[in-house]
Amino acid sequence: MVNFTILAGGYSTFIATYLFNSDAGTLSLLSQSPTGQNPSWIDLHPTNKSILYATNENTDGGNGPAFAVPLSTGEVAVMNFGSGNGLIIPTEEDPLQFTEGAPLISFPAAVSHPHMALEVGSEVLVPDLGADTVWRLASAGAPGAFQIQGQIDQPQGSGPRHIVVRGDQLYTVHELSSTLTQQTIPSTPSSPGPAPLTANFSVVPPGLPAGAQMAAGEILLAEASDQEGSDFTQPFIYVSNRNVGAQDPRGDAIAIYAVEPELAFVKHVFTGLDQIRGMELSGGSENAFLVAGGVAGDAGVVVLKRTQGGADLEIVATNRDVPTRSSFVWLD
């Protein structure tokens, strides 16, 4: 028997704790830990799994902080979707204590909706759904002080939402165009001109009902396993769809893409969920499972098993005790 503990944030006043038993194929709700209002995005400290960071996606302080992630420096990056700015907040020796006074990072665009932050080497990349670009931030010296040193422009009107990086390749999921794109990251941050797209795929599944309205959500990268004898010998990308219009009885789909030798669509897997905002791989060398939840409806949370070497997904457990969830971390 293999048990996994999964934490799940959402638009509520608690973080839910689930126990997934991979042998029995069961997902049980263990507890609901009280929090502030709307802990919509959660993430673990990189080295201490007893520490969890969460945004409260409200309008006091920052307007709609939809994403937070701890950096290797001990700082925590928080992006305010509604107010078009963000903070990279230093922590004290005790990572539960934040240092006050970090300068606000404002993004110079007529409309700015930063939706995540990703540490890549010495940079922090920030996809901006409103400005159709990915900002390149670098430290300005003092803890918490970051400055824009360049940008990677995206197709106009595409709405870049979340990203993953593999080597010098940038993979972006675009909310407004429901597409997945690939670009080579310019080696010089301030390089003029756009970075050409080397791939551009629609992530929308076929056979949608009349009135469906798609808005892509999350992107995950599962690298090939280094475990001897593993079935997962190739890397794959998983992208969630969110139908914010007339619902499909099959629920929202996860689109699967092979990464090598070049980005290629594999298939859609329907989940029964309504508006998949968050999903997360189980980690380790195998990333054998993926957990996902919707932010609407009452389908709850599902755990899917990666099959066919990662080229397919199979639902192995479901729990509907909490109708909606928006982000996840695996503790085990």
# chains A, B, ... in the order shown; residues from 1 in each chain; ligands from 1
$ select_by_dssp --residues "segment 237-296 of chain A" --states "strand (DSSP E)" --output "PyMOL selection string"
chain A and resi 237-240+253-258+264-270+274-281+289-296
$ residues_around --residues "Leu304 of chain A" --least-positions-apart "3" --cutoff "6 Å" --atoms "only C-alpha atoms" --output "list of chain:residue names"
A:Phe289, A:Leu290, A:Leu313, A:Glu314, A:Ile315, A:Val316
$ write_last_selection --atoms "C-alpha atoms" --output "short mmCIF file (atom, residue, chain, number, x, y, z; two decimals), in the first residue's frame"
data_model
loop_
_atom_site.label_atom_id
_atom_site.label_comp_id
_atom_site.auth_asym_id
_atom_site.auth_seq_id
_atom_site.Cartn_x
_atom_site.Cartn_y
_atom_site.Cartn_z
CA PHE A 289 0.17 10.50 -10.73
CA LEU A 290 -1.53 13.82 -11.40
CA LEU A 313 -4.00 9.39 -18.25
CA GLU A 314 -6.49 7.22 -16.36
CA ILE A 315 -8.73 8.40 -13.50
CA VAL A 316 -8.02 6.14 -10.53
#
$ closest_residue --among "A:Phe146, A:Phe232, A:Tyr11, A:Trp135" --to "Ala102 of chain A" --atoms "only C-alpha atoms"
A:Phe146
$ residues_around --residues "Pro160 of chain A" --least-positions-apart "4" --cutoff "6 Å" --atoms "only C-alpha atoms" --output "PDB file with all heavy atoms, in the first residue's frame"
ATOM      1  N   PRO A 127       4.795  35.545 -16.725  1.00  0.00           N
ATOM      2  CA  PRO A 127       3.860  35.702 -17.839  1.00  0.00           C
ATOM      3  C   PRO A 127       2.760  36.687 -17.473  1.00  0.00           C
ATOM      4  O   PRO A 127       2.184  36.619 -16.387  1.00  0.00           O
ATOM      5  CB  PRO A 127       3.305  34.283 -18.030  1.00  0.00           C
ATOM      6  CG  PRO A 127       3.506  33.604 -16.719  1.00  0.00           C
ATOM      7  CD  PRO A 127       4.718  34.221 -16.090  1.00  0.00           C
ATOM      8  N   ASP A 128       2.485  37.602 -18.379  1.00  0.00           N
ATOM      9  CA  ASP A 128       1.518  38.674 -18.142  1.00  0.00           C
ATOM     10  C   ASP A 128       0.368  38.518 -19.128  1.00  0.00           C
ATOM     11  O   ASP A 128       0.495  38.806 -20.320  1.00  0.00           O
ATOM     12  CB  ASP A 128       2.203  40.030 -18.318  1.00  0.00           C
ATOM     13  CG  ASP A 128       1.360  41.197 -17.825  1.00  0.00           C
ATOM     14  OD1 ASP A 128       0.129  41.138 -17.987  1.00  0.00           O
ATOM     15  OD2 ASP A 128       1.937  42.168 -17.287  1.00  0.00           O
ATOM     16  N   LEU A 129      -0.777  38.064 -18.609  1.00  0.00           N
ATOM     17  CA  LEU A 129      -1.942  37.767 -19.432  1.00  0.00           C
ATOM     18  C   LEU A 129      -2.499  39.022 -20.094  1.00  0.00           C
ATOM     19  O   LEU A 129      -3.048  38.954 -21.197  1.00  0.00           O
ATOM     20  CB  LEU A 129      -2.994  37.085 -18.558  1.00  0.00           C
ATOM     21  CG  LEU A 129      -4.216  36.460 -19.205  1.00  0.00           C
ATOM     22  CD1 LEU A 129      -4.713  35.290 -18.352  1.00  0.00           C
ATOM     23  CD2 LEU A 129      -5.347  37.462 -19.382  1.00  0.00           C
ATOM     24  N   ASP A 132       0.417  40.472 -22.844  1.00  0.00           N
ATOM     25  CA  ASP A 132       0.862  39.541 -23.889  1.00  0.00           C
ATOM     26  C   ASP A 132       2.389  39.485 -23.972  1.00  0.00           C
ATOM     27  O   ASP A 132       2.986  39.603 -25.055  1.00  0.00           O
ATOM     28  CB  ASP A 132       0.276  39.919 -25.247  1.00  0.00           C
ATOM     29  CG  ASP A 132      -1.220  39.661 -25.324  1.00  0.00           C
ATOM     30  OD1 ASP A 132      -1.685  38.680 -24.715  1.00  0.00           O
ATOM     31  OD2 ASP A 132      -1.926  40.447 -25.986  1.00  0.00           O
ATOM     32  N   VAL A 173       1.272  28.381 -21.893  1.00  0.00           N
ATOM     33  CA  VAL A 173      -0.146  28.144 -22.126  1.00  0.00           C
ATOM     34  C   VAL A 173      -0.848  29.493 -22.076  1.00  0.00           C
ATOM     35  O   VAL A 173      -0.627  30.298 -21.170  1.00  0.00           O
ATOM     36  CB  VAL A 173      -0.738  27.149 -21.111  1.00  0.00           C
ATOM     37  CG1 VAL A 173      -0.642  27.637 -19.685  1.00  0.00           C
ATOM     38  CG2 VAL A 173      -2.185  26.838 -21.461  1.00  0.00           C
ATOM     39  N   HIS A 174      -1.669  29.743 -23.105  1.00  0.00           N
ATOM     40  CA  HIS A 174      -2.326  31.031 -23.287  1.00  0.00           C
ATOM     41  C   HIS A 174      -3.817  30.880 -22.997  1.00  0.00           C
ATOM     42  O   HIS A 174      -4.513  30.093 -23.646  1.00  0.00           O
ATOM     43  CB  HIS A 174      -2.128  31.530 -24.722  1.00  0.00           C
ATOM     44  CG  HIS A 174      -0.693  31.682 -25.110  1.00  0.00           C
ATOM     45  ND1 HIS A 174      -0.021  32.883 -25.030  1.00  0.00           N
ATOM     46  CD2 HIS A 174       0.214  30.779 -25.571  1.00  0.00           C
ATOM     47  CE1 HIS A 174       1.231  32.715 -25.440  1.00  0.00           C
ATOM     48  NE2 HIS A 174       1.397  31.450 -25.763  1.00  0.00           N
TER      49      HIS A 174
END
$ residues_around --residues "Leu221 of chain A" --least-positions-apart "5" --cutoff "7 Å" --atoms "only C-alpha atoms" --output "PyMOL selection string"
chain A and resi 164+236-238
$ residues_around --residues "segment 175-191 of chain A" --least-positions-apart "4" --cutoff "8 Å" --atoms "only C-alpha atoms" --output "VMD selection string"
chain A and resid 129 136 149 to 152 157 to 161 168 to 171 195 to 204 214 to 217 241
$ residues_around --residues "Ala109 of chain A" --least-positions-apart "4" --cutoff "9 Å" --atoms "only C-alpha atoms" --output "VMD selection string"
chain A and resid 84 130 to 131
$ write_last_selection --atoms "all heavy atoms" --output "tab-separated table (two decimals), in the first residue's frame"
chain	number	residue	atom	x	y	z
A	84	GLY	N	-1.92	44.39	-11.53
A	84	GLY	CA	-0.82	44.49	-12.48
A	84	GLY	C	0.53	44.74	-11.86
A	84	GLY	O	1.35	45.47	-12.41
A	130	GLY	N	-2.36	40.17	-19.44
A	130	GLY	CA	-2.89	41.40	-19.99
A	130	GLY	C	-1.97	42.05	-21.01
A	130	GLY	O	-2.43	42.63	-22.00
A	131	ALA	N	-0.66	41.95	-20.80
A	131	ALA	CA	0.31	42.63	-21.66
A	131	ALA	C	0.81	41.76	-22.80
A	131	ALA	O	1.59	42.23	-23.64
A	131	ALA	CB	1.50	43.10	-20.81
$ closest_residue --among "A:Ser112, A:Thr55, A:Thr307, A:Gln154" --to "Ser83 of chain A" --atoms "only C-alpha atoms"
A:Ser112
$ closest_residue --among "A:Glu75, A:Asp153, A:Glu262, A:Glu218" --to "Asp94 of chain A" --atoms "only C-alpha atoms"
A:Glu75
$ closest_residue --among "A:Gly144, A:Gly121, A:Gly293, A:Pro34" --to "Ile88 of chain A" --atoms "only C-alpha atoms"
A:Gly144
